[in-house]
file start-v4.cif (mmCIF, C-alpha atoms and all ligand atoms)
data_my_file
loop_
_atom_site.group_PDB
_atom_site.id
_atom_site.type_symbol
_atom_site.label_atom_id
_atom_site.label_comp_id
_atom_site.auth_asym_id
_atom_site.auth_seq_id
_atom_site.Cartn_x
_atom_site.Cartn_y
_atom_site.Cartn_z
ATOM 1 C CA MET C 1 40.715 42.500 229.946
ATOM 2 C CA GLU C 2 36.943 42.402 230.189
ATOM 3 C CA ARG C 3 34.203 40.509 228.330
ATOM 4 C CA THR C 4 30.736 41.601 227.269
ATOM 5 C CA LEU C 5 27.821 40.045 225.402
ATOM 6 C CA SER C 6 26.694 41.496 222.086
ATOM 7 C CA ILE C 7 23.484 40.685 220.232
ATOM 8 C CA ILE C 8 22.903 41.824 216.672
ATOM 9 C CA LYS C 9 19.103 41.989 216.775
ATOM 10 C CA PRO C 10 16.571 40.652 214.227
ATOM 11 C CA ASP C 11 16.042 44.048 212.545
ATOM 12 C CA ALA C 12 19.762 44.251 211.674
ATOM 13 C CA VAL C 13 20.267 40.582 210.743
ATOM 14 C CA GLU C 14 17.229 40.809 208.430
ATOM 15 C CA ARG C 15 18.769 43.811 206.634
ATOM 16 C CA ASN C 16 22.087 41.924 206.140
ATOM 17 C CA LEU C 17 23.927 44.310 208.464
ATOM 18 C CA SER C 18 25.715 41.692 210.601
ATOM 19 C CA GLY C 19 28.984 42.013 208.685
ATOM 20 C CA ALA C 20 28.964 45.819 208.732
ATOM 21 C CA ILE C 21 28.238 45.868 212.477
ATOM 22 C CA LEU C 22 30.946 43.277 213.212
ATOM 23 C CA ALA C 23 33.385 45.402 211.203
ATOM 24 C CA MET C 24 32.573 48.422 213.408
ATOM 25 C CA ILE C 25 33.079 46.242 216.498
ATOM 26 C CA GLN C 26 36.473 44.983 215.309
ATOM 27 C CA GLU C 27 37.597 48.438 214.130
ATOM 28 C CA ALA C 28 36.865 49.679 217.667
ATOM 29 C CA GLY C 29 39.486 47.218 218.954
ATOM 30 C CA LEU C 30 37.130 44.631 220.425
ATOM 31 C CA THR C 31 37.971 40.958 219.788
ATOM 32 C CA VAL C 32 35.329 38.292 219.092
ATOM 33 C CA LYS C 33 35.873 35.326 221.454
ATOM 34 C CA ALA C 34 32.688 33.377 220.592
ATOM 35 C CA MET C 35 29.891 33.798 218.061
ATOM 36 C CA LYS C 36 26.760 32.098 216.703
ATOM 37 C CA MET C 37 23.521 32.817 214.845
ATOM 38 C CA ILE C 38 20.384 31.515 216.544
ATOM 39 C CA GLN C 39 16.640 32.147 216.626
ATOM 40 C CA LEU C 40 15.334 32.563 220.163
ATOM 41 C CA SER C 41 12.065 31.094 221.363
ATOM 42 C CA LYS C 42 9.682 33.456 223.205
ATOM 43 C CA LYS C 43 10.630 31.738 226.487
ATOM 44 C CA GLN C 44 14.353 32.168 225.794
ATOM 45 C CA ALA C 45 13.863 35.864 224.974
ATOM 46 C CA GLU C 46 11.811 36.299 228.164
ATOM 47 C CA GLY C 47 14.545 34.595 230.204
ATOM 48 C CA PHE C 48 17.230 36.794 228.731
ATOM 49 C CA TYR C 49 15.301 40.022 229.390
ATOM 50 C CA ALA C 50 13.805 38.873 232.747
ATOM 51 C CA VAL C 51 15.181 42.018 234.415
ATOM 52 C CA HIS C 52 12.693 44.026 232.288
ATOM 53 C CA LYS C 53 9.638 41.817 232.948
ATOM 54 C CA GLU C 54 7.653 44.559 234.720
ATOM 55 C CA ARG C 55 8.315 47.127 231.982
ATOM 56 C CA PRO C 56 5.477 48.053 229.594
ATOM 57 C CA PHE C 57 7.613 47.171 226.568
ATOM 58 C CA PHE C 58 8.489 43.620 227.775
ATOM 59 C CA ASP C 59 5.991 41.672 225.661
ATOM 60 C CA SER C 60 6.658 43.653 222.499
ATOM 61 C CA LEU C 61 10.441 43.453 223.040
ATOM 62 C CA THR C 62 10.452 39.683 223.548
ATOM 63 C CA GLU C 63 8.152 39.157 220.522
ATOM 64 C CA PHE C 64 10.553 41.217 218.431
ATOM 65 C CA MET C 65 13.635 39.389 219.743
ATOM 66 C CA CYS C 66 12.254 36.004 218.651
ATOM 67 C CA SER C 67 10.883 37.260 215.309
ATOM 68 C CA GLY C 68 14.025 36.283 213.367
ATOM 69 C CA PRO C 69 17.658 35.206 213.768
ATOM 70 C CA VAL C 70 20.103 37.068 215.982
ATOM 71 C CA VAL C 71 23.916 36.983 216.023
ATOM 72 C CA VAL C 72 25.232 36.639 219.571
ATOM 73 C CA SER C 73 28.886 37.091 220.401
ATOM 74 C CA ILE C 74 31.275 37.540 223.280
ATOM 75 C CA LEU C 75 33.540 40.551 222.862
ATOM 76 C CA GLU C 76 36.782 41.031 224.760
ATOM 77 C CA GLY C 77 38.982 44.064 225.301
ATOM 78 C CA ASP C 78 40.135 46.687 227.781
ATOM 79 C CA ASP C 79 36.990 48.161 229.325
ATOM 80 C CA ALA C 80 34.914 46.117 226.837
ATOM 81 C CA ILE C 81 31.543 46.800 228.502
ATOM 82 C CA ALA C 82 31.844 50.603 228.424
ATOM 83 C CA LYS C 83 33.648 50.570 225.080
ATOM 84 C CA TYR C 84 30.869 48.577 223.398
ATOM 85 C CA ARG C 85 28.131 50.680 224.993
ATOM 86 C CA ALA C 86 29.822 53.819 223.648
ATOM 87 C CA LEU C 87 30.079 52.230 220.198
ATOM 88 C CA MET C 88 26.376 51.211 220.256
ATOM 89 C CA GLY C 89 25.154 54.706 221.200
ATOM 90 C CA ALA C 90 21.991 55.626 223.104
ATOM 91 C CA THR C 91 19.158 53.074 223.413
ATOM 92 C CA ASN C 92 16.887 55.448 221.496
ATOM 93 C CA PRO C 93 18.567 56.076 218.126
ATOM 94 C CA ALA C 94 17.045 59.554 218.102
ATOM 95 C CA ASN C 95 19.526 60.371 220.893
ATOM 96 C CA ALA C 96 22.490 58.396 219.523
ATOM 97 C CA GLU C 97 25.689 60.209 218.567
ATOM 98 C CA GLU C 98 27.193 60.284 215.065
ATOM 99 C CA GLY C 99 29.487 57.342 214.410
ATOM 100 C CA THR C 100 27.590 54.928 216.644
ATOM 101 C CA ILE C 101 25.973 51.693 215.480
ATOM 102 C CA ARG C 102 22.497 52.793 216.525
ATOM 103 C CA LYS C 103 22.799 56.213 214.869
ATOM 104 C CA LYS C 104 23.786 54.504 211.651
ATOM 105 C CA TYR C 105 21.480 51.500 211.616
ATOM 106 C CA ALA C 106 18.773 51.446 214.352
ATOM 107 C CA LEU C 107 15.145 51.886 213.316
ATOM 108 C CA ASP C 108 13.549 52.933 216.629
ATOM 109 C CA ILE C 109 13.893 52.484 220.403
ATOM 110 C CA GLU C 110 12.848 48.814 220.198
ATOM 111 C CA LYS C 111 14.343 47.802 216.860
ATOM 112 C CA ASN C 112 17.659 49.336 217.879
ATOM 113 C CA SER C 113 19.878 46.811 216.057
ATOM 114 C CA VAL C 114 22.222 45.815 218.914
ATOM 115 C CA HIS C 115 22.323 44.880 222.583
ATOM 116 C CA GLY C 116 25.333 45.043 224.911
ATOM 117 C CA SER C 117 25.705 44.127 228.583
ATOM 118 C CA ASP C 118 25.485 47.134 230.910
ATOM 119 C CA ALA C 119 27.631 45.982 233.894
ATOM 120 C CA PRO C 120 30.049 43.185 234.904
ATOM 121 C CA GLU C 121 27.274 41.218 236.677
ATOM 122 C CA THR C 122 24.955 41.346 233.657
ATOM 123 C CA ALA C 123 27.852 40.485 231.331
ATOM 124 C CA ALA C 124 28.541 37.351 233.422
ATOM 125 C CA PHE C 125 24.851 36.319 233.324
ATOM 126 C CA GLU C 126 24.398 37.144 229.638
ATOM 127 C CA THR C 127 27.560 35.429 228.332
ATOM 128 C CA LYS C 128 26.623 32.246 230.259
ATOM 129 C CA TYR C 129 23.056 32.470 228.931
ATOM 130 C CA PHE C 130 24.315 31.817 225.401
ATOM 131 C CA PHE C 131 27.731 30.154 225.622
ATOM 132 C CA ASN C 132 29.374 27.365 227.593
ATOM 133 C CA ASP C 133 33.126 27.281 228.281
ATOM 134 C CA LEU C 134 33.837 25.002 225.301
ATOM 135 C CA GLU C 135 32.370 27.583 222.909
ATOM 136 C CA ILE C 136 34.629 30.420 224.049
ATOM 137 C CA VAL C 137 38.081 30.712 222.466
ATOM 138 C CA GLY C 138 40.955 31.438 224.825
HETATM 139 P P1 LIG P 1 18.500 46.726 224.977
HETATM 140 O O1 LIG P 1 19.794 47.450 225.151
HETATM 141 O O2 LIG P 1 18.535 45.380 224.374
HETATM 142 O O3 LIG P 1 17.772 46.623 226.405
HETATM 143 C C1 LIG P 1 16.374 46.523 226.543
HETATM 144 C C2 LIG P 1 15.649 46.741 225.260
HETATM 145 O O4 LIG P 1 14.279 47.071 225.365
HETATM 146 C C3 LIG P 1 16.244 47.934 224.529
HETATM 147 O O5 LIG P 1 17.551 47.644 224.071
HETATM 148 C C4 LIG P 1 15.198 48.171 223.447
HETATM 149 O O6 LIG P 1 15.337 47.258 222.372
HETATM 150 C C5 LIG P 1 13.905 47.793 224.184
HETATM 151 N N1 LIG P 1 13.064 48.937 224.552
HETATM 152 C C6 LIG P 1 11.859 49.200 224.016
HETATM 153 N N2 LIG P 1 11.321 50.295 224.564
HETATM 154 C C7 LIG P 1 12.193 50.758 225.471
HETATM 155 C C8 LIG P 1 12.199 51.870 226.351
HETATM 156 N N3 LIG P 1 11.184 52.732 226.423
HETATM 157 N N4 LIG P 1 13.280 52.038 227.133
HETATM 158 C C9 LIG P 1 14.326 51.149 227.092
HETATM 159 N N5 LIG P 1 14.361 50.082 226.258
HETATM 160 C C10 LIG P 1 13.317 49.887 225.449
#
call {"tool": "encode", "arguments": {"input": "start-v4.cif", "output": "structure tokens"}}
result
Amino acid sequence: MERTLSIIKPDAVERNLSGAILAMIQEAGLTVKAMKMIQLSKKQAEGFYAVHKERPFFDSLTEFMCSGPVVVSILEGDDAIAKYRALMGATNPANAEEGTIRKKYALDIEKNSVHGSDAPETAAFETKYFFNDLEIVG
């Protein structure tokens, strides 16, 4: 069993897509172990995406991520990190495969509707960034 962090981003929450995206997640066999809706501050978004701070899109990305509410959750399952990344599809929706969340719902490479951890180390950092032990079921 493995855990990963999911964020349903402001572009998707604003379009009332949280339920549809969570349905895709659950239909893929991933189990929600923790969940909340929050609005990040700029500083919190910058802390979360600190690994990207030298990238040209950092300021725009962190502005976008605090522009409205997000739904953060911890997903659990066999190979959850890879499974969720496959379900999300490519970062740029123009390259995302049919049947993926980003192909269906993402607007562009920044407003790409969902985030998922990319490795066990980032999953550990990202789940702790949003949830303490008391907030995780099981
Ligand atoms: P995410 O999987 O959350 O990881 C970093 C985010 O930066 C990415 O999704 C996009 O929302 C955003 N982003 C914007 N431009 C780019 C880019 N050129 N390459 C990668 N990510 C980008």
call {"tool": "closest_residue", "arguments": {"input": "start-v4.cif", "among": "C:Gln26, C:Thr100, C:Ser67, C:Ser6", "to": "ligand LIG 1 (chain P)", "atoms": "only C-alpha atoms and all ligand atoms"}}
result
C:Ser6
call {"tool": "resolve_selection", "arguments": {"input": "start-v4.cif", "expression": "the PyMOL selection byres (((chain C and resi 120) around 12) and not hetatm)", "output": "ChimeraX atom specification"}}
result
/C:1-5,79-82,116-119,121-127
call {"tool": "residues_near_ligand", "arguments": {"input": "start-v4.cif", "ligand": "ligand LIG 1 (chain P)", "cutoff": "6 Å", "atoms": "only C-alpha atoms and all ligand atoms", "output": "JSON, numbers by chain"}}
result
{"C": [57, 61, 91, 109, 110, 111, 112, 115]}
call {"tool": "resolve_selection", "arguments": {"input": "start-v4.cif", "expression": "the PyMOL selection byres (((chain C and resi 71) around 10) and not hetatm)", "output": "list in words"}}
result
Ser6, Ile7, Ile8, Lys9, Pro10, Ala12, Val13, Ser18, Leu22, Met35, Lys36, Met37, Ile38, Gln39, Pro69, Val70, Val72, Ser73 and Val114 of chain C
call {"tool": "closest_residue", "arguments": {"input": "start-v4.cif", "among": "C:Phe48, C:Ile101, C:Met88, C:Asn16", "to": "Lys128 (chain C)", "atoms": "all atoms listed in the file"}}
result
C:Phe48
call {"tool": "closest_residue", "arguments": {"input": "start-v4.cif", "among": "C:Leu134, C:Ala34, C:Leu75, C:Met24", "to": "Tyr105 (chain C)", "atoms": "only C-alpha atoms"}}
result
C:Met24
call {"tool": "atom_distance", "arguments": {"input": "start-v4.cif", "atom1": "CA of Val32 (chain C)", "atom2": "CA of Gly138 (chain C)"}}
result
10.6 Å
call {"tool": "closest_residue", "arguments": {"input": "start-v4.cif", "among": "C:Ser41, C:Gly77, C:Ala106, C:Lys33", "to": "Met65 (chain C)", "atoms": "all atoms listed in the file"}}
result
C:Ser41
call {"tool": "residues_around", "arguments": {"input": "start-v4.cif", "residues": "Gly89 (chain C)", "least_positions_apart": "3", "cutoff": "7 Å", "atoms": "all atoms listed in the file", "output": "PyMOL selection string"}}
result
chain C and resi 85-86+96-97+100-103
call {"tool": "closest_residue", "arguments": {"input": "start-v4.cif", "among": "C:Ala28, C:Leu17, C:Leu40, C:Ala45", "to": "Gly99 (chain C)", "atoms": "all atoms listed in the file"}}
result
C:Ala28
call {"tool": "atom_distance", "arguments": {"input": "start-v4.cif", "atom1": "CA of Ala50 (chain C)", "atom2": "CA of Lys104 (chain C)"}}
result
28.1 Å
call {"tool": "residues_around", "arguments": {"input": "start-v4.cif", "residues": "Glu27 (chain C)", "least_positions_apart": "5", "cutoff": "12 Å", "atoms": "all atoms listed in the file", "output": "number ranges by chain"}}
result
C: 20-22, 32, 83-84, 87
call {"tool": "atom_distance", "arguments": {"input": "start-v4.cif", "atom1": "CA of Glu46 (chain C)", "atom2": "CA of Leu107 (chain C)"}}
result
21.8 Å
call {"tool": "closest_residue", "arguments": {"input": "start-v4.cif", "among": "C:Ala94, C:Ile25, C:Phe131, C:Asp11", "to": "Cys66 (chain C)", "atoms": "all atoms listed in the file"}}
result
C:Asp11
call {"tool": "decode", "arguments": {"input": "start-v4.cif", "residues": "region 4-40 of chain C", "atoms": "N, CA and C atoms", "output": "PDB file, in the first residue's frame"}}
result
ATOM      1  N   THR C   4      -0.411   8.937  -1.665  1.00  0.00           N
ATOM      2  CA  THR C   4       0.004  10.070  -2.484  1.00  0.00           C
ATOM      3  C   THR C   4      -0.886  11.264  -2.157  1.00  0.00           C
ATOM      4  N   LEU C   5      -0.397  12.459  -2.454  1.00  0.00           N
ATOM      5  CA  LEU C   5      -1.210  13.656  -2.230  1.00  0.00           C
ATOM      6  C   LEU C   5      -1.853  14.102  -3.539  1.00  0.00           C
ATOM      7  N   SER C   6      -3.129  14.386  -3.467  1.00  0.00           N
ATOM      8  CA  SER C   6      -3.865  14.938  -4.611  1.00  0.00           C
ATOM      9  C   SER C   6      -4.336  16.342  -4.274  1.00  0.00           C
ATOM     10  N   ILE C   7      -4.237  17.238  -5.250  1.00  0.00           N
ATOM     11  CA  ILE C   7      -4.884  18.557  -5.135  1.00  0.00           C
ATOM     12  C   ILE C   7      -5.809  18.732  -6.337  1.00  0.00           C
ATOM     13  N   ILE C   8      -7.063  19.023  -6.060  1.00  0.00           N
ATOM     14  CA  ILE C   8      -7.962  19.488  -7.125  1.00  0.00           C
ATOM     15  C   ILE C   8      -7.818  21.009  -7.131  1.00  0.00           C
ATOM     16  N   LYS C   9      -7.300  21.530  -8.239  1.00  0.00           N
ATOM     17  CA  LYS C   9      -6.821  22.920  -8.305  1.00  0.00           C
ATOM     18  C   LYS C   9      -7.979  23.913  -8.480  1.00  0.00           C
ATOM     19  N   PRO C  10      -7.681  25.222  -8.264  1.00  0.00           N
ATOM     20  CA  PRO C  10      -8.756  26.229  -8.298  1.00  0.00           C
ATOM     21  C   PRO C  10      -9.581  26.235  -9.592  1.00  0.00           C
ATOM     22  N   ASP C  11      -8.973  25.952 -10.726  1.00  0.00           N
ATOM     23  CA  ASP C  11      -9.744  25.987 -11.986  1.00  0.00           C
ATOM     24  C   ASP C  11     -10.851  24.935 -11.988  1.00  0.00           C
ATOM     25  N   ALA C  12     -10.569  23.775 -11.354  1.00  0.00           N
ATOM     26  CA  ALA C  12     -11.545  22.675 -11.337  1.00  0.00           C
ATOM     27  C   ALA C  12     -12.579  22.879 -10.228  1.00  0.00           C
ATOM     28  N   VAL C  13     -12.128  23.338  -9.058  1.00  0.00           N
ATOM     29  CA  VAL C  13     -13.079  23.583  -7.960  1.00  0.00           C
ATOM     30  C   VAL C  13     -14.087  24.653  -8.398  1.00  0.00           C
ATOM     31  N   GLU C  14     -13.578  25.699  -9.058  1.00  0.00           N
ATOM     32  CA  GLU C  14     -14.435  26.808  -9.506  1.00  0.00           C
ATOM     33  C   GLU C  14     -15.517  26.330 -10.488  1.00  0.00           C
ATOM     34  N   ARG C  15     -15.183  25.325 -11.293  1.00  0.00           N
ATOM     35  CA  ARG C  15     -16.143  24.807 -12.280  1.00  0.00           C
ATOM     36  C   ARG C  15     -17.003  23.665 -11.708  1.00  0.00           C
ATOM     37  N   ASN C  16     -16.957  23.495 -10.372  1.00  0.00           N
ATOM     38  CA  ASN C  16     -17.768  22.455  -9.702  1.00  0.00           C
ATOM     39  C   ASN C  16     -17.432  21.050 -10.177  1.00  0.00           C
ATOM     40  N   LEU C  17     -16.139  20.805 -10.428  1.00  0.00           N
ATOM     41  CA  LEU C  17     -15.716  19.496 -10.933  1.00  0.00           C
ATOM     42  C   LEU C  17     -15.152  18.582  -9.846  1.00  0.00           C
ATOM     43  N   SER C  18     -15.142  19.043  -8.586  1.00  0.00           N
ATOM     44  CA  SER C  18     -14.522  18.229  -7.528  1.00  0.00           C
ATOM     45  C   SER C  18     -15.164  16.843  -7.434  1.00  0.00           C
ATOM     46  N   GLY C  19     -16.489  16.797  -7.463  1.00  0.00           N
ATOM     47  CA  GLY C  19     -17.183  15.518  -7.338  1.00  0.00           C
ATOM     48  C   GLY C  19     -16.877  14.586  -8.499  1.00  0.00           C
ATOM     49  N   ALA C  20     -16.880  15.130  -9.712  1.00  0.00           N
ATOM     50  CA  ALA C  20     -16.603  14.307 -10.899  1.00  0.00           C
ATOM     51  C   ALA C  20     -15.177  13.767 -10.864  1.00  0.00           C
ATOM     52  N   ILE C  21     -14.237  14.599 -10.412  1.00  0.00           N
ATOM     53  CA  ILE C  21     -12.832  14.162 -10.342  1.00  0.00           C
ATOM     54  C   ILE C  21     -12.658  13.125  -9.233  1.00  0.00           C
ATOM     55  N   LEU C  22     -13.296  13.342  -8.090  1.00  0.00           N
ATOM     56  CA  LEU C  22     -13.218  12.337  -7.011  1.00  0.00           C
ATOM     57  C   LEU C  22     -13.842  11.015  -7.445  1.00  0.00           C
ATOM     58  N   ALA C  23     -14.888  11.077  -8.251  1.00  0.00           N
ATOM     59  CA  ALA C  23     -15.493   9.833  -8.760  1.00  0.00           C
ATOM     60  C   ALA C  23     -14.490   9.085  -9.637  1.00  0.00           C
ATOM     61  N   MET C  24     -13.768   9.801 -10.501  1.00  0.00           N
ATOM     62  CA  MET C  24     -12.753   9.144 -11.340  1.00  0.00           C
ATOM     63  C   MET C  24     -11.664   8.509 -10.464  1.00  0.00           C
ATOM     64  N   ILE C  25     -11.281   9.228  -9.414  1.00  0.00           N
ATOM     65  CA  ILE C  25     -10.247   8.717  -8.496  1.00  0.00           C
ATOM     66  C   ILE C  25     -10.725   7.423  -7.835  1.00  0.00           C
ATOM     67  N   GLN C  26     -11.949   7.421  -7.346  1.00  0.00           N
ATOM     68  CA  GLN C  26     -12.467   6.241  -6.634  1.00  0.00           C
ATOM     69  C   GLN C  26     -12.730   5.088  -7.598  1.00  0.00           C
ATOM     70  N   GLU C  27     -13.190   5.408  -8.814  1.00  0.00           N
ATOM     71  CA  GLU C  27     -13.412   4.349  -9.815  1.00  0.00           C
ATOM     72  C   GLU C  27     -12.097   3.692 -10.219  1.00  0.00           C
ATOM     73  N   ALA C  28     -10.994   4.436 -10.090  1.00  0.00           N
ATOM     74  CA  ALA C  28      -9.671   3.872 -10.421  1.00  0.00           C
ATOM     75  C   ALA C  28      -9.145   2.976  -9.298  1.00  0.00           C
ATOM     76  N   GLY C  29      -9.892   2.876  -8.196  1.00  0.00           N
ATOM     77  CA  GLY C  29      -9.491   1.967  -7.117  1.00  0.00           C
ATOM     78  C   GLY C  29      -8.657   2.619  -6.031  1.00  0.00           C
ATOM     79  N   LEU C  30      -8.547   3.952  -6.085  1.00  0.00           N
ATOM     80  CA  LEU C  30      -7.816   4.657  -5.027  1.00  0.00           C
ATOM     81  C   LEU C  30      -8.789   5.017  -3.900  1.00  0.00           C
ATOM     82  N   THR C  31      -8.319   4.936  -2.662  1.00  0.00           N
ATOM     83  CA  THR C  31      -9.160   5.194  -1.490  1.00  0.00           C
ATOM     84  C   THR C  31      -8.756   6.516  -0.848  1.00  0.00           C
ATOM     85  N   VAL C  32      -9.749   7.350  -0.531  1.00  0.00           N
ATOM     86  CA  VAL C  32      -9.485   8.635   0.130  1.00  0.00           C
ATOM     87  C   VAL C  32      -9.281   8.395   1.625  1.00  0.00           C
ATOM     88  N   LYS C  33      -8.111   8.777   2.143  1.00  0.00           N
ATOM     89  CA  LYS C  33      -7.792   8.579   3.566  1.00  0.00           C
ATOM     90  C   LYS C  33      -7.876   9.877   4.371  1.00  0.00           C
ATOM     91  N   ALA C  34      -7.916  11.015   3.679  1.00  0.00           N
ATOM     92  CA  ALA C  34      -8.029  12.327   4.329  1.00  0.00           C
ATOM     93  C   ALA C  34      -8.449  13.305   3.240  1.00  0.00           C
ATOM     94  N   MET C  35      -9.202  14.348   3.646  1.00  0.00           N
ATOM     95  CA  MET C  35      -9.632  15.314   2.620  1.00  0.00           C
ATOM     96  C   MET C  35     -10.076  16.622   3.271  1.00  0.00           C
ATOM     97  N   LYS C  36      -9.769  17.746   2.621  1.00  0.00           N
ATOM     98  CA  LYS C  36     -10.321  19.038   3.058  1.00  0.00           C
ATOM     99  C   LYS C  36     -10.278  20.049   1.923  1.00  0.00           C
ATOM    100  N   MET C  37     -11.153  21.068   2.038  1.00  0.00           N
ATOM    101  CA  MET C  37     -11.122  22.193   1.093  1.00  0.00           C
ATOM    102  C   MET C  37     -10.514  23.377   1.824  1.00  0.00           C
ATOM    103  N   ILE C  38      -9.518  23.998   1.195  1.00  0.00           N
ATOM    104  CA  ILE C  38      -8.842  25.143   1.812  1.00  0.00           C
ATOM    105  C   ILE C  38      -8.503  26.166   0.724  1.00  0.00           C
ATOM    106  N   GLN C  39      -8.231  27.398   1.146  1.00  0.00           N
ATOM    107  CA  GLN C  39      -7.670  28.379   0.205  1.00  0.00           C
ATOM    108  C   GLN C  39      -6.280  28.733   0.689  1.00  0.00           C
ATOM    109  N   LEU C  40      -5.292  28.466  -0.139  1.00  0.00           N
ATOM    110  CA  LEU C  40      -3.891  28.696   0.214  1.00  0.00           C
ATOM    111  C   LEU C  40      -3.581  30.182   0.199  1.00  0.00           C
TER     112      LEU C  40
END
